[in-house]
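Some notes on the structure that comes next.
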Amino acid sequence: MFHPMHLLLFYTLYYLCLKKNMRLLTVGSVAFDAIETPFGKTDKIIGGAGTFIALSSSFFNRDQRIVAVVGDDFPTDMIETLKSKGVDTEGLQIRKGEKTFFWSGRYHNDMNSRETLVTELNVLGDFDPIIPSSYQGTPYLMLGNLSPQVQSTVIERLNVRPKLIAMDTMNFWMDIAMDDLSKTMSMVDLLIINDEEARQLSKEYSLVKAAKAIRAMGPKYLIIKKGEHGALLFHGEKVFFAPALPLEDVFDPTGAGDTFAGGFMGYIAATDDTSFENMKRAIIAGSALASFCVEKFGTERLLEITREDVDARIEQFVALTDFNMGHHSSI
Ligand code: AMP
C-alpha cells in the first residue's frame with residue numbers, strides 16, 4: 001500500500017544518489033588563449049586551467065561541477081560541450097557586456113621555457129566565486145591556478161569540508177601574493193606544482209628537501225611535476241615516481257599541467273579512494289591524459305580522444321616501467 005513515507009524515502013535515496021554522483025568540483029580559469037610554438041601560431045582559441053581540468057577529468061568522472069567566470073564573448077557551443085561531458089555549469093558565471101580572461105604565451109625551441117606575452121584579466125579581475133547551493137557537499141575539490149585569495153574563499157564557502165582538496169598555483173602568485181598563498185596552502189590536502197615552482201616556494205634546490213619544506217607549510221600530499229621527466233608524489237616518508245611517456249614531438253605544452261591535475265582528481269573522485277596506492281594509479285591516469293594534451297594546440301586533442309585511447313595509453317605507461325629483476329639475488 002502506498003504511504004507518503006515511501007515517497008519521502010524514494011526522494012531521499014534519489015537525492016543521496018545524485019549527491020554521491022556529483023563528485024568533483026573544479027574552480028579555475030575558463031579562457032581564451034593565443035599560443036606561439038616553433039610549430040605554429042594560433043588566434044584566440046579556448047583554454048583556461050578550469051577548462052583543461054574539467055575536460056580531462058571527464059574521462060573518468062562524468063559527474064562534475066565548475067565554478068568559473070566568462071564574458072558574453074565566450075562561445076556557447078563550448079559550454080554545451082562541457083555539459084555533454086557531464087559538467088554541471090550552474091556555477092559558470094556569464095557576465096554580460098564583459099570580456100573573457102585572455103592569456104597569450106610563446107614557447108621557445110626546447111618547449112620547456114615559456115614566455116607570457118599578454119595577460120588580460122577582464123572578468124577574472126574581480127571574480128567572486130559564488131558556490132550554487134546545489135554544489136554544497138561535493139566530496140572532491142580541485143582548485144585550479146587562480147588567485148590564492150579566490151581559492152581560500154571557495155574553501156571557506158563550502159559547508160562541508162571535501163574529502164580531498166587539491167590546489168595548483170604558479171610563480172606569479174608566489175611573487176605578488178605570498179601571504180595569501182601561505183594561508184591557502186595551510187587549508188589544502190594536496191599541492192600540485194612543477195619543479196621550478198617547488199624550488200622557488202621552498203628556496204631549496206633538492207626536490208626532496210623542497211618537498212619536506214613545502215609539506216611543513218600545510219599540504220600532507222605533494223606532487224612535483226617535472227615536465228618531460230615525469231612526476232613525484234610525496235606523503236609522509238613515502239615517495240612515488242611516475243615517468244612521462246617519451247613522445248616524438250611535443251606540439252603545444254599549454255594546459256598539460258592542468259590536464260594532469262584533472263586526470264588525477266577525476267580518477268580519485270571516480271574511485272572515491274584517497275589511499276597512497278590509489279594516488280599512484282591516479283598519477284599514471286593524469287600523466288596519460290597530459291601526454292595527449294601536448295599533441296595538438298589547446299584543447300583540440302582532448303576533444304577528439306576516447307576513453308579507449310586513454311586506457312590504451314595507460315597500458316603504455318605500465319609497460320614503460322615494467323621490469324623483472326630475474327635472478328639477481330643469486331649473482
Ligand atoms: P598550464 O600550461 O598548465 O600552466 O596552463 C595554461 C592555462 O592557464 C592557459 O590555458 C591559460 O588560460 C591559463 N592561465 C595562464 N595564466 C593564468 C592566470 N594568471 N590565472 C588563471 N589562469 C591562467
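Lettering and numbering for the C-alpha cells are positional, with chains as A, B, ... in the shown order, residues counted from 1 in each chain, and ligands counted from 1 in the shown order.
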Pull the closest atom pair for each residue of range 127-227 of chain A that gets at most 12 Å from range 106-121 of chain A, along with the distance in Å to one decimal, counting only C-alpha atoms, ordering rows by chain and then ascending residue number, as a tab-separated table.
residue	atom	partner	partner_atom	distance
A:Phe127	CA	A:Leu121	CA	9.6
A:Leu146	CA	A:Leu121	CA	10.8
A:Ser147	CA	A:Leu121	CA	11.2
A:Phe172	CA	A:Thr116	CA	10.8
A:Asn194	CA	A:Asn112	CA	11.7
A:Asp195	CA	A:Asn112	CA	12.0
A:Glu196	CA	A:Ser113	CA	11.0
A:Lys226	CA	A:Asn112	CA	10.2
A:Gly227	CA	A:Asn112	CA	7.9
Contacts of Leu247 in chain A at 9 Å (only C-alpha atoms; same-chain gap of 3+ positions) as a PyMOL selection string | chain A and resi 228+244+250+291+295
Next, write the just-selected residues to a file, as a tab-separated table (two decimals), in the first residue's frame, keeping N, CA, C and O atoms as the atom set.
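Result went into out-v2.tsv, see below:
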chain	number	residue	atom	x	y	z
A	228	GLU	N	58.72	16.75	-19.03
A	228	GLU	CA	59.02	15.52	-19.78
A	228	GLU	C	59.75	14.48	-18.92
A	228	GLU	O	60.00	13.36	-19.39
A	244	ALA	N	57.17	10.26	-17.56
A	244	ALA	CA	56.32	10.81	-18.63
A	244	ALA	C	56.57	9.94	-19.84
A	244	ALA	O	57.66	9.36	-19.98
A	250	VAL	N	56.49	17.22	-29.09
A	250	VAL	CA	55.58	17.95	-28.21
A	250	VAL	C	55.16	19.17	-29.00
A	250	VAL	O	55.97	20.01	-29.35
A	291	SER	N	49.83	13.49	-21.69
A	291	SER	CA	50.60	13.13	-22.89
A	291	SER	C	49.78	13.32	-24.16
A	291	SER	O	50.33	13.55	-25.23
A	295	GLU	N	49.86	16.96	-27.76
A	295	GLU	CA	49.98	16.53	-29.16
A	295	GLU	C	49.38	17.51	-30.17
A	295	GLU	O	49.68	17.44	-31.36
Counting only C-alpha atoms and all ligand atoms, which of A:Val294, A:Ala211, A:Leu201, A:Leu141 gets nearest to ligand 1?
->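 Using only C-alpha atoms and all ligand atoms, ligand 1 sits closest to A:Val294.
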Output as a tab-separated table one row per residue of chain A within 6 Å of ligand 1: the closest atom pair and its distance in Å to one decimal place, counting only C-alpha atoms and all ligand atoms, sorted by chain and residue number ascending.
residue	atom	partner	partner_atom_place_in_ligand_line	distance
A:Ser29	CA	ligand 1	22 (N)	4.9
A:Ala31	CA	ligand 1	12 (O)	5.0
A:Asp33	CA	ligand 1	12 (O)	5.4
A:Gly47	CA	ligand 1	10 (O)	3.8
A:Gly48	CA	ligand 1	10 (O)	3.5
A:Ala49	CA	ligand 1	8 (O)	4.6
A:Trp103	CA	ligand 1	12 (O)	5.1
A:Asn145	CA	ligand 1	21 (C)	5.3
A:Leu146	CA	ligand 1	20 (N)	4.7
A:Thr254	CA	ligand 1	2 (O)	3.6
A:Gly255	CA	ligand 1	3 (O)	3.6
A:Ala256	CA	ligand 1	3 (O)	4.9
A:Gly257	CA	ligand 1	3 (O)	3.8
A:Asp258	CA	ligand 1	3 (O)	4.5
Do a neighbour search on Leu232 in chain A at 6 Å with only C-alpha atoms, toss out local chain neighbours closer than 5 positions, and write the hits as a PyMOL selection string.
-> chain A and resi 223-224+240-241
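CA of Arg307 in chain A sits 5.9 Å away from CA of Phe59 in chain A.
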Could you tell me, as a PyMOL selection string, which residues of range 53-297 of chain A DSSP assigns to alpha helix (DSSP H) when given the backbone?
-> chain A and resi 53-57+76-84+148-157+171-176+178-185+195-202+207-215+256-271+276-293
Output as a Markdown table one row per residue of range 81-172 of chain A within 9 Å of range 270-288 of chain A: the closest atom pair and its distance in Å to one decimal place, counting only C-alpha atoms, sorted by chain and residue number ascending.
| residue | atom | partner | partner_atom | distance |
| --- | --- | --- | --- | --- |
| A:Pro139 | CA | A:Asp272 | CA | 8.7 |
| A:Tyr140 | CA | A:Asp272 | CA | 8.8 |
| A:Lys163 | CA | A:Thr274 | CA | 8.2 |
| A:Leu164 | CA | A:Thr274 | CA | 7.5 |
If we count only C-alpha atoms, what is near range 60-76 of chain A at a cut-off of 8 Å, once residues fewer than 6 positions away on the same chain are taken out, given as a PDB file with C-alpha atoms, in the first residue's frame?
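part-v8.pdb, freshly written:
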ATOM      1  CA  ASN A  21      27.454  11.023  -8.242  1.00  0.00           C
ATOM      2  CA  MET A  22      28.314  14.706  -8.302  1.00  0.00           C
ATOM      3  CA  ARG A  23      31.843  14.011  -7.253  1.00  0.00           C
ATOM      4  CA  LEU A  24      34.273  16.715  -8.297  1.00  0.00           C
ATOM      5  CA  LEU A  25      34.104  20.487  -8.015  1.00  0.00           C
ATOM      6  CA  THR A  26      36.620  22.401 -10.120  1.00  0.00           C
ATOM      7  CA  VAL A  27      37.412  26.074  -9.749  1.00  0.00           C
ATOM      8  CA  GLY A  28      39.642  27.595 -12.407  1.00  0.00           C
ATOM      9  CA  SER A  29      40.011  29.953 -15.321  1.00  0.00           C
ATOM     10  CA  VAL A  30      37.939  29.437 -18.454  1.00  0.00           C
ATOM     11  CA  ALA A  31      39.744  31.476 -21.024  1.00  0.00           C
ATOM     12  CA  GLY A  50      39.391  25.100 -15.416  1.00  0.00           C
ATOM     13  CA  ALA A  54      37.113  19.592 -16.462  1.00  0.00           C
ATOM     14  CA  LYS A  85      30.802  15.642 -20.887  1.00  0.00           C
ATOM     15  CA  GLY A  86      28.917  15.676 -17.597  1.00  0.00           C
ATOM     16  CA  VAL A  87      29.974  19.099 -16.343  1.00  0.00           C
ATOM     17  CA  ASP A  88      27.243  20.969 -14.464  1.00  0.00           C
ATOM     18  CA  THR A  89      27.731  24.626 -15.446  1.00  0.00           C
ATOM     19  CA  GLU A  90      25.354  26.291 -12.997  1.00  0.00           C
ATOM     20  CA  GLY A  91      28.422  27.772 -11.277  1.00  0.00           C
ATOM     21  CA  LEU A  92      29.815  29.218 -14.526  1.00  0.00           C
ATOM     22  CA  GLN A  93      29.008  32.923 -14.385  1.00  0.00           C
ATOM     23  CA  ILE A  94      28.485  34.624 -17.770  1.00  0.00           C
ATOM     24  CA  ARG A  95      28.972  38.369 -17.377  1.00  0.00           C
ATOM     25  CA  LYS A  96      27.018  40.460 -19.893  1.00  0.00           C
ATOM     26  CA  GLY A  97      28.968  43.082 -21.840  1.00  0.00           C
ATOM     27  CA  GLU A  98      32.310  41.892 -20.382  1.00  0.00           C
ATOM     28  CA  LYS A  99      35.281  40.044 -21.834  1.00  0.00           C
ATOM     29  CA  THR A 100      36.628  36.597 -21.014  1.00  0.00           C
ATOM     30  CA  PHE A 101      40.108  36.242 -19.460  1.00  0.00           C
ATOM     31  CA  VAL A 123      36.213  39.163 -15.875  1.00  0.00           C
ATOM     32  CA  LEU A 124      38.789  37.406 -13.672  1.00  0.00           C
ATOM     33  CA  PHE A 127      35.945  37.255  -9.713  1.00  0.00           C
ATOM     34  CA  PRO A 129      33.463  32.562  -6.740  1.00  0.00           C
ATOM     35  CA  ILE A 130      29.784  32.035  -5.943  1.00  0.00           C
ATOM     36  CA  ILE A 131      29.010  28.447  -4.963  1.00  0.00           C
ATOM     37  CA  TYR A 135      27.093  22.268  -5.243  1.00  0.00           C
ATOM     38  CA  GLY A 263      43.015  13.366 -14.802  1.00  0.00           C
ATOM     39  CA  GLY A 266      38.890  12.743 -11.892  1.00  0.00           C
ATOM     40  CA  TYR A 267      40.387   9.339 -11.153  1.00  0.00           C
ATOM     41  CA  ALA A 269      36.817  11.179  -7.415  1.00  0.00           C
ATOM     42  CA  ALA A 270      35.531   8.327  -9.584  1.00  0.00           C
TER      43      ALA A 270
END
